[in-house]
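Asker: What follows is model.csv; its format and atoms are CSV, C-alpha atoms.
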```csv
chain,number,residue,atom,x,y,z
A,192,HIS,CA,75.7,29.1,131.4
A,193,LEU,CA,74.7,32.0,133.7
A,194,CYS,CA,71.0,31.2,133.1
A,195,PHE,CA,71.6,27.6,134.0
A,196,LEU,CA,73.5,28.5,137.2
A,197,PHE,CA,70.7,30.9,138.1
A,198,PHE,CA,67.9,28.4,137.7
A,199,PHE,CA,70.0,25.7,139.4
A,200,SER,CA,70.6,28.0,142.4
A,201,CYS,CA,66.9,28.9,142.7
A,202,GLY,CA,65.9,25.2,142.5
A,203,PHE,CA,68.4,24.2,145.1
A,204,LEU,CA,67.2,27.0,147.4
A,205,LEU,CA,63.5,25.9,147.1
A,206,LEU,CA,64.5,22.3,147.7
A,207,SER,CA,66.4,23.4,150.9
A,208,LEU,CA,63.4,25.3,152.1
A,209,HIS,CA,61.1,22.3,151.6
A,210,ILE,CA,63.6,20.0,153.4
A,211,LEU,CA,63.8,22.4,156.4
A,212,ARG,CA,60.0,22.7,156.5
A,213,ALA,CA,59.6,18.9,156.4
A,214,VAL,CA,62.2,18.6,159.3
A,215,ALA,CA,60.3,21.2,161.3
A,216,VAL,CA,57.0,19.3,160.8
A,217,LEU,CA,58.6,16.1,161.9
A,218,GLU,CA,60.2,17.7,164.9
A,219,GLY,CA,57.0,19.5,165.9
A,220,LYS,CA,56.3,23.0,167.2
A,221,ILE,CA,58.1,23.9,170.4
A,222,VAL,CA,55.9,25.3,173.2
A,223,ILE,CA,57.7,26.8,176.3
A,224,SER,CA,55.7,27.0,179.5
A,225,LYS,CA,56.7,27.8,183.1
A,226,LEU,CA,56.4,25.2,185.8
A,227,GLY,CA,52.9,25.2,187.4
A,228,ASP,CA,51.4,27.2,184.6
A,229,ASN,CA,48.8,26.0,182.0
A,230,ALA,CA,50.2,25.2,178.6
A,231,THR,CA,48.3,25.3,175.3
A,232,LEU,CA,49.3,22.7,172.7
A,233,SER,CA,48.2,23.9,169.2
A,234,CYS,CA,46.3,21.7,166.7
A,235,ILE,CA,44.4,23.5,163.9
A,236,TYR,CA,42.4,21.4,161.3
A,237,PRO,CA,42.4,23.4,158.1
A,238,GLY,CA,39.4,21.6,156.5
A,239,LYS,CA,36.5,23.9,155.5
A,240,GLU,CA,33.7,21.3,155.9
A,241,LEU,CA,33.6,20.2,159.5
A,242,SER,CA,31.1,17.9,161.3
A,243,LEU,CA,32.1,16.9,164.9
A,244,ASN,CA,29.9,13.9,164.7
A,245,ASN,CA,32.1,12.4,162.0
A,246,LEU,CA,35.4,13.3,163.7
A,247,ARG,CA,37.7,11.6,166.2
A,248,VAL,CA,40.5,13.7,167.8
A,249,TYR,CA,43.3,12.0,169.7
A,250,TRP,CA,46.0,13.7,171.7
A,251,GLN,CA,48.8,11.3,172.3
A,252,ILE,CA,52.4,11.1,173.7
A,253,ASP,CA,54.6,10.6,170.6
A,254,ASP,CA,56.7,7.8,172.0
A,255,VAL,CA,56.2,4.2,171.1
A,256,GLN,CA,57.8,3.0,174.3
A,257,GLU,CA,55.0,4.6,176.4
A,258,GLN,CA,52.7,2.0,177.9
A,259,CYS,CA,49.9,4.6,178.1
A,260,SER,CA,49.9,7.2,175.4
A,261,VAL,CA,46.4,8.8,175.3
A,262,VAL,CA,46.4,12.3,176.7
A,263,HIS,CA,42.9,13.3,175.6
A,264,ALA,CA,40.2,11.9,173.2
A,265,LEU,CA,37.2,13.5,171.5
A,266,ILE,CA,34.8,11.1,169.8
A,267,SER,CA,31.7,12.3,167.9
A,268,GLY,CA,31.9,15.7,169.6
A,269,GLN,CA,32.2,14.2,173.2
A,270,ASP,CA,35.1,13.8,175.5
A,271,ASN,CA,36.1,10.2,176.0
A,272,GLU,CA,38.1,9.3,179.1
A,273,SER,CA,38.0,5.6,178.9
A,274,GLU,CA,41.5,5.3,177.5
A,275,GLN,CA,43.0,8.4,179.1
A,276,CYS,CA,46.2,8.0,181.1
A,277,ILE,CA,45.9,8.5,184.8
A,278,HIS,CA,48.6,11.1,184.8
A,279,PHE,CA,46.4,13.4,182.7
A,280,LYS,CA,43.1,12.8,184.5
A,281,ASN,CA,41.3,16.1,185.2
A,282,ARG,CA,44.2,18.0,183.7
A,283,THR,CA,43.3,18.4,180.0
A,284,GLN,CA,40.7,20.5,178.3
A,285,LEU,CA,39.7,21.2,174.7
A,286,LEU,CA,38.7,24.7,173.7
A,287,TRP,CA,35.0,24.1,173.2
A,288,ASP,CA,34.1,27.4,171.8
A,289,ARG,CA,36.6,26.8,169.0
A,290,LEU,CA,35.9,23.2,168.1
A,291,GLY,CA,33.4,24.2,165.4
A,292,GLU,CA,36.2,26.2,163.7
A,293,GLY,CA,38.5,23.2,163.6
A,294,ASP,CA,40.7,24.3,166.5
A,295,PHE,CA,41.5,21.2,168.6
A,296,SER,CA,44.2,22.8,170.7
A,297,LEU,CA,44.7,21.1,174.1
A,298,LEU,CA,45.0,23.0,177.4
A,299,LEU,CA,47.2,21.1,179.8
A,300,LEU,CA,46.8,22.3,183.4
A,301,ASN,CA,49.5,22.7,186.1
A,302,VAL,CA,52.4,21.4,184.0
A,303,SER,CA,55.4,19.7,185.7
A,304,GLN,CA,58.7,18.1,184.6
A,305,SER,CA,56.9,14.8,183.8
A,306,ASP,CA,54.9,16.7,181.1
A,307,GLU,CA,58.0,17.7,179.2
A,308,ARG,CA,57.4,15.4,176.2
A,309,LYS,CA,56.6,15.3,172.5
A,310,TYR,CA,52.8,15.2,171.8
A,311,LYS,CA,50.9,14.3,168.7
A,312,CYS,CA,47.4,15.5,167.6
A,313,VAL,CA,45.6,13.1,165.2
A,314,VAL,CA,42.3,14.0,163.6
A,315,LEU,CA,40.4,11.2,161.9
A,316,GLN,CA,37.3,11.4,159.8
A,317,THR,CA,34.8,8.5,160.1
A,318,ASN,CA,32.4,8.6,157.2
A,319,GLU,CA,32.3,5.5,155.0
A,320,TYR,CA,35.7,4.5,156.3
A,321,THR,CA,38.2,6.0,158.9
A,322,ARG,CA,41.1,8.0,157.6
A,323,VAL,CA,43.6,10.5,159.0
A,324,VAL,CA,42.8,14.0,157.7
A,325,HIS,CA,45.2,16.0,159.9
A,326,GLN,CA,48.2,15.5,162.2
A,327,GLU,CA,50.4,17.8,164.2
A,328,LYS,CA,53.3,17.3,166.6
A,329,VAL,CA,54.1,19.6,169.5
A,330,VAL,CA,57.1,19.6,171.8
A,331,LEU,CA,56.5,20.9,175.3
A,332,ARG,CA,59.5,22.4,177.1
A,333,LEU,CA,59.3,23.7,180.6
A,334,ALA,CA,61.2,26.5,182.4
A,335,ALA,CA,61.3,28.5,185.6
A,336,SER,CA,62.9,31.9,186.3
A,337,TYR,CA,65.8,32.0,188.6
A,338,SER,CA,65.7,34.3,191.6
A,339,GLN,CA,67.7,37.6,191.7
A,340,PRO,CA,71.3,36.6,192.2
A,341,ILE,CA,72.9,37.4,195.6
A,342,LEU,CA,76.5,38.5,195.3
A,343,SER,CA,78.6,38.2,198.5
A,344,GLY,CA,82.1,39.4,199.1
A,345,PRO,CA,84.9,40.3,198.8
A,346,VAL,CA,86.3,38.0,201.5
A,347,THR,CA,90.0,38.3,202.0
A,348,ASN,CA,91.7,34.9,201.6
A,349,SER,CA,93.9,33.7,204.5
A,350,ASP,CA,96.8,32.5,202.2
A,351,SER,CA,98.3,36.0,202.0
A,352,THR,CA,98.2,35.9,198.2
A,353,GLY,CA,96.3,39.2,197.9
A,354,GLU,CA,93.3,37.5,196.5
A,355,VAL,CA,89.7,37.9,197.5
A,356,THR,CA,86.7,35.6,197.0
A,357,PHE,CA,83.2,36.5,195.7
A,358,SER,CA,80.2,34.2,195.7
A,359,CYS,CA,77.1,34.3,193.6
A,360,SER,CA,73.9,32.3,194.3
A,361,SER,CA,70.4,32.0,192.8
A,362,ASP,CA,67.5,29.5,193.3
A,363,ASN,CA,64.3,28.0,192.0
A,364,GLY,CA,65.2,28.0,188.3
A,365,TYR,CA,64.8,25.4,185.5
A,366,PRO,CA,66.6,24.1,183.5
A,367,GLU,CA,70.2,24.3,184.6
A,368,PRO,CA,71.6,27.8,184.1
A,369,ASN,CA,74.8,29.3,182.6
A,370,VAL,CA,76.9,31.4,185.0
A,371,TYR,CA,79.2,34.1,183.9
A,372,TRP,CA,81.6,36.4,185.8
A,373,ILE,CA,82.6,39.7,184.1
A,374,ASN,CA,85.3,42.1,185.0
A,375,ARG,CA,83.6,45.4,184.3
A,376,THR,CA,86.9,47.4,184.2
A,377,ASP,CA,87.7,45.9,180.8
A,378,ASN,CA,84.5,43.7,180.1
A,379,SER,CA,86.6,40.5,180.2
A,380,ARG,CA,85.1,37.2,181.2
A,381,MET,CA,86.6,35.5,184.2
A,382,LEU,CA,86.5,31.7,184.9
A,383,PRO,CA,84.8,30.7,188.2
A,384,SER,CA,86.8,28.9,190.9
A,385,GLU,CA,83.9,26.6,191.7
A,386,LEU,CA,80.4,25.9,190.3
A,387,SER,CA,77.8,23.9,192.2
A,388,ILE,CA,74.3,23.2,190.8
A,389,THR,CA,71.8,21.4,193.0
A,390,LEU,CA,68.6,19.7,191.9
A,391,HIS,CA,65.7,20.0,194.4
A,392,ASP,CA,62.8,17.7,195.0
A,393,ASP,CA,60.4,20.0,193.2
A,394,GLY,CA,62.5,19.7,190.0
A,395,THR,CA,64.1,23.2,190.2
A,396,TYR,CA,67.8,24.0,190.5
A,397,SER,CA,69.9,26.3,192.7
A,398,VAL,CA,73.3,27.4,191.7
A,399,LEU,CA,76.4,28.6,193.7
A,400,SER,CA,79.5,30.0,192.0
A,401,THR,CA,82.7,31.4,193.6
A,402,LEU,CA,85.3,33.6,192.0
A,403,LYS,CA,88.9,34.3,193.3
A,404,VAL,CA,90.5,37.5,192.0
A,405,LYS,CA,93.4,39.8,192.9
A,406,ALA,CA,92.2,42.6,195.1
A,407,THR,CA,92.4,46.1,193.5
A,408,SER,CA,91.2,49.6,194.5
A,409,ASP,CA,88.8,49.8,191.6
A,410,MET,CA,87.2,46.3,191.5
A,411,GLN,CA,84.0,46.1,189.4
A,412,ILE,CA,82.7,42.5,189.4
A,413,GLU,CA,79.4,41.3,187.9
A,414,CYS,CA,77.8,37.9,188.1
A,415,PHE,CA,75.3,36.8,185.4
A,416,ILE,CA,72.7,33.9,185.7
A,417,GLU,CA,71.4,33.0,182.3
A,418,ASN,CA,68.2,31.0,181.6
A,419,LYS,CA,68.7,30.3,177.9
A,420,ARG,CA,65.3,28.7,177.4
A,421,LEU,CA,63.4,31.8,178.8
A,422,GLN,CA,66.0,34.2,177.3
A,423,GLU,CA,66.5,35.7,180.7
A,424,ASN,CA,69.8,37.1,181.9
A,425,ILE,CA,69.8,38.5,185.5
A,426,SER,CA,72.9,39.9,187.3
A,427,ALA,CA,74.3,41.3,190.5
A,428,ASN,CA,77.4,43.5,190.7
A,429,TYR,CA,80.0,44.8,193.1
A,430,THR,CA,81.8,48.1,192.6
A,431,GLN,CA,84.5,49.3,194.9
A,432,GLU,CA,83.7,53.0,194.2
A,433,LYS,CA,80.1,52.3,194.8
A,434,GLN,CA,80.8,50.8,198.2
A,435,ASN,CA,82.6,54.0,199.2
A,436,ASN,CA,79.9,56.1,197.8
A,437,ASP,CA,77.3,54.1,199.7
A,438,SER,CA,79.3,54.7,202.9
A,439,ASN,CA,79.4,58.4,202.2
A,440,THR,CA,75.7,58.3,201.5
A,441,GLU,CA,75.0,56.6,204.8
A,442,SER,CA,77.0,59.2,206.7
A,443,HIS,CA,75.2,61.9,204.9
A,444,LYS,CA,71.9,60.3,205.8
A,445,ASP,CA,73.0,60.1,209.4
A,446,LEU,CA,73.9,63.8,209.4
A,447,GLU,CA,70.6,64.6,207.9
A,448,LYS,CA,68.8,62.6,210.6
A,449,GLY,CA,70.9,64.3,213.3
A,450,GLY,CA,70.0,67.7,211.8
A,451,ARG,CA,66.3,66.8,211.7
A,452,GLY,CA,66.5,65.7,215.3
A,453,ALA,CA,68.1,68.9,216.5
A,454,GLN,CA,65.6,70.9,214.5
A,455,ALA,CA,62.7,69.1,216.1
A,456,ALA,CA,64.2,69.6,219.6
A,457,GLY,CA,64.5,73.3,218.9
A,458,ILE,CA,60.9,73.6,217.8
A,459,ILE,CA,59.8,71.7,221.0
A,460,SER,CA,61.8,74.1,223.2
A,461,ILE,CA,60.3,77.2,221.5
A,462,VAL,CA,56.8,75.7,222.0
A,463,ILE,CA,57.5,75.1,225.7
A,464,LEU,CA,58.9,78.7,226.2
A,465,LEU,CA,55.8,80.1,224.5
A,466,ALA,CA,53.6,78.1,226.8
A,467,LEU,CA,55.5,79.3,229.9
A,468,LEU,CA,55.3,82.9,228.7
A,469,ALA,CA,51.5,82.5,228.2
A,470,VAL,CA,51.1,81.1,231.7
A,471,LEU,CA,53.2,84.0,233.1
A,472,ILE,CA,51.1,86.6,231.2
A,473,CYS,CA,47.9,85.1,232.5
A,474,TRP,CA,49.1,85.1,236.0
A,475,LEU,CA,50.2,88.7,235.8
A,476,TRP,CA,46.9,89.7,234.3
A,477,LYS,CA,45.0,87.9,237.1
A,478,HIS,CA,47.2,89.5,239.7
A,479,ARG,CA,46.7,93.0,238.3
A,480,SER,CA,42.9,92.5,238.0
A,481,SER,CA,42.7,91.5,241.7
A,482,LYS,CA,44.6,94.7,242.7
A,483,LEU,CA,42.2,96.8,240.6
A,484,VAL,CA,39.2,95.2,242.3
A,485,SER,CA,40.6,95.9,245.8
A,486,TYR,CA,41.4,99.5,245.0
A,487,THR,CA,37.8,100.0,243.6
A,488,ASP,CA,36.3,98.5,246.7
A,489,VAL,CA,38.4,100.8,249.0
A,490,GLN,CA,37.5,103.9,247.0
A,491,THR,CA,33.8,103.0,247.0
A,492,ASN,CA,33.8,102.6,250.8
A,493,GLY,CA,35.5,106.0,251.2
A,494,ASP,CA,32.9,107.7,249.1
A,495,ASN,CA,30.1,106.1,251.1
A,496,ARG,CA,31.6,107.3,254.4
A,497,LYS,CA,31.7,110.9,253.1
A,498,LEU,CA,28.1,110.8,252.2
A,499,ASN,CA,27.0,109.4,255.5
A,500,SER,CA,29.0,112.0,257.7
A,501,PRO,CA,26.9,114.9,259.1
A,502,VAL,CA,27.5,118.4,257.7
```
What do you get writing this file as structure tokens?

Answerer:
Amino acid sequence: HLCFLFFFSCGFLLLSLHILRAVAVLEGKIVISKLGDNATLSCIYPGKELSLNNLRVYWQIDDVQEQCSVVHALISGQDNESEQCIHFKNRTQLLWDRLGEGDFSLLLLNVSQSDERKYKCVVLQTNEYTRVVHQEKVVLRLAASYSQPILSGPVTNSDSTGEVTFSCSSDNGYPEPNVYWINRTDNSRMLPSELSITLHDDGTYSVLSTLKVKATSDMQIECFIENKRLQENISANYTQEKQNNDSNTESHKDLEKGGRGAQAAGIISIVILLALLAVLICWLWKHRSSKLVSYTDVQTNGDNRKLNSPV
């Protein structure tokens, strides 16, 4: 009985893995790309013997309701744009240096929200008859990072309830974000009072969330903006103690600036005094030199008179 249960469990596990793998193949790989970037949709043909002249490769939109489904076509080793949808004109490229290795991945340029679809790569071999030798599906999902949140507040409410209001905003993200408010004093989550998400013309979103809380002397509030698709979580925080420390820091900086200013003024005063002293010394030296010259002239004239007087 134990052996039977063991083999039954192993068989059930293998069957589950095969089912999950089949579901993954049907759903397709998921590629996440940022808006405006270039996205690579993978398609690798595992066949060993490969002749491009006998192959046709089609990239298509995997939706039967689409009127135009051809994204890119390669026929006998050459691009064929005759059936390509206008939306993809001049925006698709195959990796030519890898075609000989069976890599038919598609480079989609400057992706936008309208490119967020499920795609299918079909490889056909055309020898005696045409048959599908490889097929892959790829799901393209787009995303854009949100800007660093701006946390404003606290603003005292006018209803005299002792509450204050914080606001948190962020822009230019995709898709819609999750917004969380955390009380850092006990790490509890707080529900926002209001949440507004706006869709812009370029397809990105902006978000504004407000929070009302009781004012305390040790408030520590943090706002999180989560982009789940990009696995990005950015935040902004407010700390009452930090605000006080910032004020003290600013005062200390002002004192330092004042001290530097006084020090500079003292240095300038010393330089001016030294310059005046140098001028005074030069003037005294010149004055003394002129007196010495006058005395020498008088003494020389006296000696000349003595020599010229008769004996």

Asker: Taking into account only C-alpha atoms, which residue in the set A:Ser384, A:Ser273, A:Thr401, A:Asn374 is nearest to A:Val346?

Answerer: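 Looking only at the distances to A:Val346, the closest residue turns out to be A:Thr401.
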
Asker: Up to 8 Å from (73.3, 26.5, 192.2) in the file's coordinates: name the residues, counting only C-alpha atoms, as number ranges by chain.

Answerer: A: 360-362, 386-389, 396-400

Asker: Rounded to one decimal in Å, what is the spacing between atom CA of A:Glu423 and atom CA of A:Leu297?

Answerer: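 Taking atom CA of A:Glu423 as the start and atom CA of A:Leu297 as the end point, the length is 27.1 Å.
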
Asker: Provide the atom CA of A:Pro340 to atom CA of A:Asp377 distance in Å, to one decimal place.

Answerer: 22.0 Å

Asker: Which is closest to A:Asn378 among A:Cys414, A:Leu298, A:Cys312, A:Val470, if we use only C-alpha atoms?

Answerer: A:Cys414

Asker: Which of these, A:Ser426, A:Gln256, A:Gln269, A:Ser233, has the shortest distance to A:Leu342 once you count only C-alpha atoms?

Answerer: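 Ranking A:Ser426, A:Gln256, A:Gln269, A:Ser233 by distance to A:Leu342, first place goes to A:Ser426.
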
Asker: What is the atom CA of A:Arg332 to atom CA of A:Val248 distance in Å?

Answerer: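 For atom CA of A:Arg332 relative to atom CA of A:Val248, the distance reads 22.9 Å.
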
Asker: List the spatial neighbours of stretch 285-291 of chain A as a ChimeraX atom specification - criterion: any atom at most 12 Å away, only C-alpha atoms, same-chain residues fewer than 6 positions off excluded.

Answerer: /A:230-244,246-250,262-265,267-271,297-300,312

Asker: Write out as a list in words the residues lying within 12 Å of A:Ser379, counting only C-alpha atoms and excluding same-chain residues fewer than 6 positions away.

Answerer: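 Counting only the stated atoms, we get Tyr371, Trp372, Ile373, Gln411, Ile412 and Glu413 of chain A.
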
Asker: Pick from A:Thr347, A:Gln275, A:Gln339, A:Gln251: nearest to A:Val313, with only C-alpha atoms counted?

Answerer: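 Closest to A:Val313 of all the choices is A:Gln251.
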
Asker: Give me the residues within 8 Å of A:Asn301 as a PDB file with C-alpha atoms, keeping the file's coordinate frame, counting all atoms listed in the file and dropping any in the same chain fewer than 2 places off.

Answerer:
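What follows is the written file part17.pdb:
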```pdb
ATOM      1  CA  LEU A 226      56.400  25.200 185.800  1.00  0.00           C
ATOM      2  CA  GLY A 227      52.900  25.200 187.400  1.00  0.00           C
ATOM      3  CA  ASP A 228      51.400  27.200 184.600  1.00  0.00           C
ATOM      4  CA  ASN A 229      48.800  26.000 182.000  1.00  0.00           C
ATOM      5  CA  ALA A 230      50.200  25.200 178.600  1.00  0.00           C
ATOM      6  CA  ARG A 282      44.200  18.000 183.700  1.00  0.00           C
ATOM      7  CA  LEU A 299      47.200  21.100 179.800  1.00  0.00           C
ATOM      8  CA  SER A 303      55.400  19.700 185.700  1.00  0.00           C
TER       9      SER A 303
END
```

Asker: Can you pull out the residues contacting A:Ser260? Cut-off 12 Å, using all atoms listed in the file, and skip same-chain residues under 6 positions away; I want them as a list of chain:residue names.

Answerer: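 Listed by chain and then number, they are A:Tyr249, A:Trp250, A:Gln251, A:Ile252, A:Asp253, A:Asp254, A:Glu274, A:Gln275, A:Cys276, A:Ile277, A:His278, A:Phe279, A:Arg308, A:Lys309, A:Tyr310, A:Lys311, A:Cys312.
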
Asker: If you count only C-alpha atoms, which residues fall within 12 Å of A:Thr376, apart from same-chain ones fewer than 5 positions away, as an MDAnalysis selection string?

Answerer: chainID A and resid 381 407:413 429:432

Asker: Considering all atoms listed in the file, state which residue in the set A:Ala406, A:Leu382, A:Leu331, A:Pro368 is at the smallest distance from A:Asn424.

Answerer: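 Comparing A:Ala406, A:Leu382, A:Leu331, A:Pro368 against A:Asn424, the winner is A:Pro368.
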
Asker: From the options A:Ala427, A:Ala469, A:Ile266, A:Val314, which residue's atoms come nearest to A:Arg375, counting all atoms listed in the file?

Answerer: A:Ala427
